[in-house]
file my_file.cif (mmCIF, C-alpha atoms)
data_target
#
loop_
_atom_site.label_atom_id
_atom_site.label_comp_id
_atom_site.auth_asym_id
_atom_site.auth_seq_id
_atom_site.Cartn_x
_atom_site.Cartn_y
_atom_site.Cartn_z
CA MET S 1 -81.08 46.92 10.51
CA LYS S 2 -79.60 44.25 8.22
CA LYS S 3 -75.90 44.34 7.42
CA GLU S 4 -73.10 42.10 6.18
CA VAL S 5 -70.50 40.98 8.73
CA ASN S 6 -67.22 39.11 8.89
CA ILE S 7 -66.94 36.24 11.38
CA SER S 8 -64.02 35.06 13.51
CA ALA S 9 -64.18 31.43 14.63
CA VAL S 10 -62.52 30.98 18.03
CA ILE S 11 -61.54 27.57 19.45
CA ILE S 12 -59.66 26.70 22.64
CA THR S 13 -57.60 23.50 22.62
CA PHE S 14 -55.41 21.16 24.63
CA ASN S 15 -54.30 17.83 23.16
CA GLU S 16 -57.10 17.69 20.57
CA GLU S 17 -55.31 16.01 17.65
CA LYS S 18 -58.17 13.51 17.35
CA ASN S 19 -60.85 16.18 16.84
CA ILE S 20 -59.44 19.51 15.69
CA ALA S 21 -59.14 18.80 11.94
CA ARG S 22 -62.85 17.91 11.68
CA CYS S 23 -63.76 21.09 13.55
CA ILE S 24 -61.64 23.40 11.39
CA LYS S 25 -62.68 21.78 8.11
CA SER S 26 -66.35 22.31 8.98
CA LEU S 27 -65.68 26.06 9.27
CA LYS S 28 -64.20 26.45 5.79
CA GLY S 29 -66.29 28.69 3.56
CA VAL S 30 -68.27 29.96 6.55
CA VAL S 31 -65.93 32.18 8.60
CA ASP S 32 -63.30 34.76 7.67
CA GLU S 33 -60.63 33.70 10.17
CA ILE S 34 -60.03 30.78 12.51
CA VAL S 35 -58.26 31.52 15.80
CA VAL S 36 -57.06 28.61 17.96
CA VAL S 37 -55.94 29.40 21.51
CA ASP S 38 -53.93 26.40 22.67
CA SER S 39 -52.85 25.58 26.24
CA PHE S 40 -49.44 24.18 25.22
CA SER S 41 -50.61 20.85 23.78
CA LYS S 42 -48.20 17.91 23.90
CA ASP S 43 -49.59 16.20 20.78
CA LYS S 44 -49.99 17.28 17.14
CA THR S 45 -52.83 19.75 17.75
CA THR S 46 -50.96 22.92 16.79
CA SER S 47 -49.28 21.43 13.73
CA ILE S 48 -52.66 20.23 12.42
CA CYS S 49 -54.11 23.71 12.96
CA GLU S 50 -51.24 25.34 11.09
CA GLU S 51 -51.59 22.91 8.18
CA LEU S 52 -55.27 23.84 7.90
CA GLY S 53 -54.58 27.58 7.93
CA ALA S 54 -55.71 28.48 11.44
CA LYS S 55 -54.05 31.21 13.49
CA ILE S 56 -52.37 29.64 16.55
CA ILE S 57 -51.89 31.48 19.86
CA GLU S 58 -50.51 29.74 22.94
CA HIS S 59 -51.86 30.86 26.30
CA LYS S 60 -51.77 29.45 29.82
CA PHE S 61 -55.04 27.80 30.88
CA ASP S 62 -56.55 29.38 34.02
CA GLY S 63 -60.07 27.96 33.66
CA HIS S 64 -62.61 27.39 30.89
CA ILE S 65 -64.40 30.72 31.39
CA GLN S 66 -61.19 32.71 31.77
CA GLN S 67 -59.61 31.09 28.72
CA LYS S 68 -62.63 31.68 26.50
CA ASN S 69 -62.96 35.31 27.56
CA TRP S 70 -59.28 35.88 26.77
CA ALA S 71 -59.56 33.98 23.49
CA ILE S 72 -62.29 36.22 22.07
CA THR S 73 -60.06 39.26 22.60
CA GLN S 74 -57.75 37.72 19.99
CA ALA S 75 -60.48 37.69 17.32
CA LYS S 76 -60.02 40.18 14.51
CA PHE S 77 -63.75 40.73 14.00
CA PRO S 78 -66.45 41.67 16.56
CA VAL S 79 -68.72 38.81 15.45
CA VAL S 80 -67.46 35.52 16.91
CA LEU S 81 -68.45 31.91 16.31
CA SER S 82 -67.21 29.93 19.31
CA LEU S 83 -66.67 26.18 18.99
CA ASP S 84 -65.01 23.50 21.08
CA ALA S 85 -62.46 21.30 19.34
CA ASP S 86 -64.77 18.27 19.48
CA GLU S 87 -67.59 20.10 17.67
CA ALA S 88 -68.39 20.60 13.98
CA LEU S 89 -71.04 22.34 11.88
CA THR S 90 -73.64 20.39 9.90
CA ARG S 91 -74.43 21.43 6.33
CA GLU S 92 -77.76 22.92 7.44
CA LEU S 93 -76.08 24.95 10.19
CA LYS S 94 -73.44 26.19 7.73
CA GLU S 95 -76.19 27.42 5.41
CA SER S 96 -77.97 29.17 8.30
CA ILE S 97 -74.78 30.95 9.41
CA ILE S 98 -73.87 32.04 5.88
CA SER S 99 -77.37 33.47 5.47
CA ILE S 100 -77.05 35.36 8.77
CA LYS S 101 -73.60 36.58 7.80
CA ASN S 102 -75.13 38.37 4.82
CA ASN S 103 -78.13 39.64 6.80
CA TRP S 104 -77.00 40.28 10.39
CA GLU S 105 -80.01 41.49 12.39
CA HIS S 106 -79.56 40.38 16.01
CA ASP S 107 -76.75 40.49 18.58
CA GLY S 108 -76.51 36.73 18.99
CA TYR S 109 -77.72 33.44 17.51
CA SER S 110 -78.27 30.06 19.12
CA PHE S 111 -78.69 26.56 17.69
CA ASN S 112 -79.09 22.99 18.91
CA ARG S 113 -76.19 20.66 19.70
CA LEU S 114 -76.41 16.93 18.94
CA THR S 115 -74.00 14.64 20.78
CA TYR S 116 -72.27 11.54 19.43
CA TYR S 117 -71.57 9.10 22.27
CA CYS S 118 -69.69 5.81 21.82
CA GLY S 119 -70.96 5.45 18.26
CA LYS S 120 -74.55 6.61 18.89
CA TRP S 121 -76.32 9.94 18.37
CA VAL S 122 -78.08 10.77 21.67
CA LYS S 123 -81.56 12.24 21.18
CA HIS S 124 -82.74 12.29 24.82
CA CYS S 125 -81.25 12.19 28.38
CA GLY S 126 -81.49 16.00 28.49
CA TRP S 127 -78.68 16.05 25.92
CA TYR S 128 -80.87 17.06 22.97
CA PRO S 129 -81.98 19.57 21.95
CA ASP S 130 -79.03 21.13 23.75
CA LYS S 131 -79.48 24.81 22.93
CA LYS S 132 -76.19 26.71 22.64
CA LEU S 133 -75.58 30.43 22.10
CA ARG S 134 -72.35 30.36 20.11
CA LEU S 135 -72.59 33.10 17.45
CA TRP S 136 -72.58 36.65 18.78
CA ASP S 137 -71.17 40.15 18.80
CA LYS S 138 -68.42 39.90 21.42
CA THR S 139 -69.03 43.50 22.51
CA LYS S 140 -72.56 42.55 23.66
CA GLY S 141 -71.68 40.03 26.37
CA LYS S 142 -69.06 37.78 27.97
CA TRP S 143 -68.44 34.20 29.08
CA GLY S 144 -69.78 33.32 32.52
CA GLY S 145 -71.31 30.41 34.42
CA THR S 146 -69.51 28.02 36.77
CA ASN S 147 -66.37 26.20 35.63
CA PRO S 148 -66.18 23.88 33.78
CA HIS S 149 -69.69 24.58 32.45
CA ASP S 150 -69.31 27.92 30.71
CA THR S 151 -72.05 29.89 28.98
CA PHE S 152 -72.01 33.15 27.02
CA ILE S 153 -74.12 35.77 28.81
CA MET S 154 -75.52 38.55 26.63
CA ASN S 155 -76.12 42.07 27.91
CA GLU S 156 -79.72 42.80 28.97
CA GLU S 157 -80.52 44.92 25.92
CA ALA S 158 -79.10 42.39 23.44
CA THR S 159 -81.39 40.51 21.06
CA THR S 160 -80.98 36.84 20.10
CA LYS S 161 -82.54 34.37 17.68
CA HIS S 162 -82.56 30.58 17.37
CA ILE S 163 -81.55 29.21 13.95
CA LYS S 164 -81.84 25.90 12.07
CA GLY S 165 -79.12 23.27 11.96
CA ASP S 166 -77.29 21.16 14.53
CA LEU S 167 -73.85 21.59 16.01
CA LEU S 168 -72.36 18.09 16.12
CA HIS S 169 -70.60 17.22 19.37
CA TYR S 170 -68.24 14.23 19.26
CA SER S 171 -68.07 13.78 23.02
CA TYR S 172 -66.79 10.41 24.20
CA TYR S 173 -65.47 7.46 22.22
CA THR S 174 -65.47 5.11 25.23
CA ILE S 175 -67.32 4.88 28.54
CA SER S 176 -63.98 4.95 30.37
CA GLN S 177 -63.21 8.30 28.74
CA HIS S 178 -66.55 9.65 30.02
CA ILE S 179 -65.85 8.44 33.57
CA GLN S 180 -62.37 9.99 33.57
CA GLN S 181 -63.78 13.30 32.34
CA VAL S 182 -66.43 13.25 35.06
CA ASP S 183 -63.74 12.87 37.71
CA TYR S 184 -61.83 15.80 36.20
CA PHE S 185 -64.90 18.02 35.80
CA THR S 186 -66.17 17.36 39.33
CA ASP S 187 -62.79 18.44 40.72
CA ILE S 188 -63.25 21.77 38.95
CA ALA S 189 -66.96 22.13 39.74
CA SER S 190 -66.61 21.37 43.45
CA LYS S 191 -63.80 23.95 43.79
CA ALA S 192 -65.88 26.54 41.91
CA TYR S 193 -68.86 25.85 44.20
CA HIS S 194 -66.61 26.12 47.27
CA GLU S 195 -65.23 29.47 46.10
CA LYS S 196 -68.79 30.74 45.68
CA GLY S 197 -69.65 29.71 49.22
CA LYS S 198 -72.00 26.87 48.31
CA LYS S 199 -72.36 24.06 50.85
CA SER S 200 -72.82 20.30 50.65
CA ASN S 201 -74.56 18.01 53.13
CA LEU S 202 -75.67 14.40 53.47
CA PHE S 203 -79.11 15.18 52.05
CA LEU S 204 -77.62 16.58 48.84
CA ILE S 205 -75.11 13.73 48.59
CA LEU S 206 -77.85 11.11 48.90
CA PHE S 207 -80.84 12.55 47.08
CA SER S 208 -79.40 14.84 44.36
CA PRO S 209 -77.96 11.87 42.38
CA LEU S 210 -81.29 10.01 42.64
CA LEU S 211 -83.18 13.05 41.41
CA LYS S 212 -80.68 13.56 38.60
CA PHE S 213 -81.13 9.97 37.40
CA PHE S 214 -84.93 10.13 37.60
CA LYS S 215 -85.08 13.35 35.60
CA SER S 216 -82.57 12.22 32.96
CA TYR S 217 -83.86 8.69 32.46
CA PHE S 218 -87.61 9.11 32.84
CA ILE S 219 -88.59 12.79 32.45
CA LYS S 220 -85.93 13.54 29.79
CA LEU S 221 -86.62 10.12 28.20
CA GLY S 222 -83.11 8.72 28.41
CA ILE S 223 -84.83 5.33 28.47
CA LEU S 224 -85.48 5.77 24.72
CA ASP S 225 -81.74 5.89 24.01
CA GLY S 226 -81.39 2.23 25.00
CA TYR S 227 -78.25 0.87 26.63
CA TYR S 228 -76.20 4.04 26.23
CA GLY S 229 -79.10 6.10 27.52
CA LEU S 230 -78.95 4.10 30.75
CA VAL S 231 -75.16 4.46 30.91
CA ILE S 232 -75.32 8.23 30.38
CA CYS S 233 -78.00 8.72 33.03
CA MET S 234 -76.15 6.55 35.56
CA ILE S 235 -72.87 8.41 34.98
CA SER S 236 -74.69 11.76 35.19
CA ALA S 237 -76.09 10.73 38.57
CA HIS S 238 -72.61 9.64 39.66
CA GLU S 239 -71.25 13.01 38.54
CA THR S 240 -73.75 14.78 40.81
CA PHE S 241 -72.75 12.47 43.69
CA LEU S 242 -69.03 13.15 43.19
CA LYS S 243 -69.55 16.91 42.97
CA TYR S 244 -71.24 17.09 46.38
CA VAL S 245 -68.89 14.57 48.01
CA LYS S 246 -65.85 16.53 46.84
CA LEU S 247 -67.46 19.79 47.98
CA LYS S 248 -68.03 18.21 51.41
CA GLU S 249 -64.33 17.28 51.57
CA LEU S 250 -63.33 20.85 50.71
CA GLN S 251 -65.55 22.12 53.54
CA ARG S 252 -63.78 19.80 55.98
CA ASP S 253 -60.34 20.90 54.81
#

call {"tool": "encode", "arguments": {"input": "my_file.cif", "output": "structure tokens"}}
result
Amino acid sequence: MKKEVNISAVIITFNEEKNIARCIKSLKGVVDEIVVVDSFSKDKTTSICEELGAKIIEHKFDGHIQQKNWAITQAKFPVVLSLDADEALTRELKESIISIKNNWEHDGYSFNRLTYYCGKWVKHCGWYPDKKLRLWDKTKGKWGGTNPHDTFIMNEEATTKHIKGDLLHYSYYTISQHIQQVDYFTDIASKAYHEKGKKSNLFLILFSPLLKFFKSYFIKLGILDGYYGLVICMISAHETFLKYVKLKELQRD
């Protein structure tokens, strides 16, 4: 049954002064409120949000999944559009969401994410099309997955639909930034794996990175993204290596 709905945009932030204005501005004219849950940023993130009319709530960060599940409880409306601070809607995606807003039929909607990496839009490497379920009725599911890689999991009876338009992801401005983030993310991922009882071994440490590179560069056609395609695939393989090495260290401890 078609119906009109109001939409709450929900964003979690920490030191995102470089990205947050672009994100919020892309939501204007699309959503009915913008809620930013901030983990006590040290930069100008919150002041930028206030200037642009967003509702600011400060909350201690206990993990990506935990923070996002708490954040959606602060939304005024059941229908939530969840974005990260380094993301923004394209014109085509805005038009798709506005159309859905006036004719809500399903419980959730997904769309593709296109990543901007060091000045280049990445069309391969397994990075595109990067299907994301980000528009949904918050009563029909919850955030899950393994930190830091969260995903919204709909209830079994829920219906979803894929819509036109890309979500733009302004990921890394430098290769060094990517490498630093990988080190941070693998700390989180290895601990999450350890808590779930997953094990590492020499076979996984040696061959998982090789398999990751082969899939990303050849099967997922990262080779077509030129120099940065090679860089991305090499760093992705290194990320897999670090995750299993750090998990091995946790097992020893």

call {"tool": "closest_residue", "arguments": {"input": "my_file.cif", "among": "S:Asn6, S:Ser82, S:Ser171, S:Ser208", "to": "Asp150 in chain S", "atoms": "only C-alpha atoms"}}
result
S:Ser82

call {"tool": "resolve_selection", "arguments": {"input": "my_file.cif", "expression": "the PyMOL selection byres ((chain S and resi 83-90) around 7)", "output": "list in words"}}
result
Val10, Ile11, Ile12, Thr13, Glu16, Asn19, Ile20, Arg22, Cys23, Ser26, Leu81, Ser82, Arg91, Glu92, Leu93, Lys94, Gly165, Asp166, Leu167, Leu168, His169, Tyr170 and Ser171 of chain S

call {"tool": "resolve_selection", "arguments": {"input": "my_file.cif", "expression": "the PyMOL selection byres ((chain S and resi 103) around 10)", "output": "PyMOL selection string"}}
result
chain S and resi 1-5+97-102+104-106

call {"tool": "resolve_selection", "arguments": {"input": "my_file.cif", "expression": "the PyMOL selection byres ((chain S and resi 222) around 12)", "output": "JSON, numbers by chain"}}
result
{"S": [122, 123, 124, 125, 126, 127, 128, 212, 213, 214, 215, 216, 217, 218, 219, 220, 221, 223, 224, 225, 226, 227, 228, 229, 230, 231, 232, 233, 234, 236]}

call {"tool": "residues_around", "arguments": {"input": "my_file.cif", "residues": "Ile188 in chain S", "least_positions_apart": "3", "cutoff": "12 Å", "atoms": "only C-alpha atoms", "output": "ChimeraX atom specification"}}
result
/S:62-65,146-150,181-185,191-195,239,242-244,246-247,250

call {"tool": "residues_near_point", "arguments": {"input": "my_file.cif", "point": "(-50.2, 22.4, 18.4)", "cutoff": "10 Å", "atoms": "all atoms listed in the file", "output": "PyMOL selection string"}}
result
chain S and resi 13-17+36-50+56-58

call {"tool": "closest_residue", "arguments": {"input": "my_file.cif", "among": "S:Lys248, S:Lys76, S:His59, S:Lys138", "to": "Ser200 in chain S", "atoms": "only C-alpha atoms"}}
result
S:Lys248

call {"tool": "atom_distance", "arguments": {"input": "my_file.cif", "atom1": "CA of Ile179 in chain S", "atom2": "CA of Thr115 in chain S"}}
result
16.4 Å

call {"tool": "atom_distance", "arguments": {"input": "my_file.cif", "atom1": "CA of Trp70 in chain S", "atom2": "CA of His162 in chain S"}}
result
25.7 Å

call {"tool": "closest_residue", "arguments": {"input": "my_file.cif", "among": "S:Leu206, S:Met154, S:Val79, S:Ile72", "to": "Gly141 in chain S", "atoms": "only C-alpha atoms"}}
result
S:Met154

call {"tool": "closest_residue", "arguments": {"input": "my_file.cif", "among": "S:Pro129, S:Trp143, S:Ser96, S:Asp107", "to": "Glu156 in chain S", "atoms": "only C-alpha atoms"}}
result
S:Asp107

call {"tool": "atom_distance", "arguments": {"input": "my_file.cif", "atom1": "CA of Tyr173 in chain S", "atom2": "CA of Asp187 in chain S"}}
result
21.7 Å

call {"tool": "closest_residue", "arguments": {"input": "my_file.cif", "among": "S:Gly119, S:Gly108, S:Gly144, S:Pro78", "to": "Ile7 in chain S", "atoms": "all atoms listed in the file"}}
result
S:Pro78

call {"tool": "closest_residue", "arguments": {"input": "my_file.cif", "among": "S:Lys60, S:Lys161, S:Ile205, S:Gly53", "to": "Ile24 in chain S", "atoms": "all atoms listed in the file"}}
result
S:Gly53

call {"tool": "axis_aligned_box", "arguments": {"input": "my_file.cif", "around": "range 84-88 of chain S", "padding_each_side": "6 Å", "output": "lines of an AutoDock Vina configuration file"}}
result
center_x = -65.4
center_y = 20.9
center_z = 17.5
size_x = 17.9
size_y = 17.2
size_z = 19.1
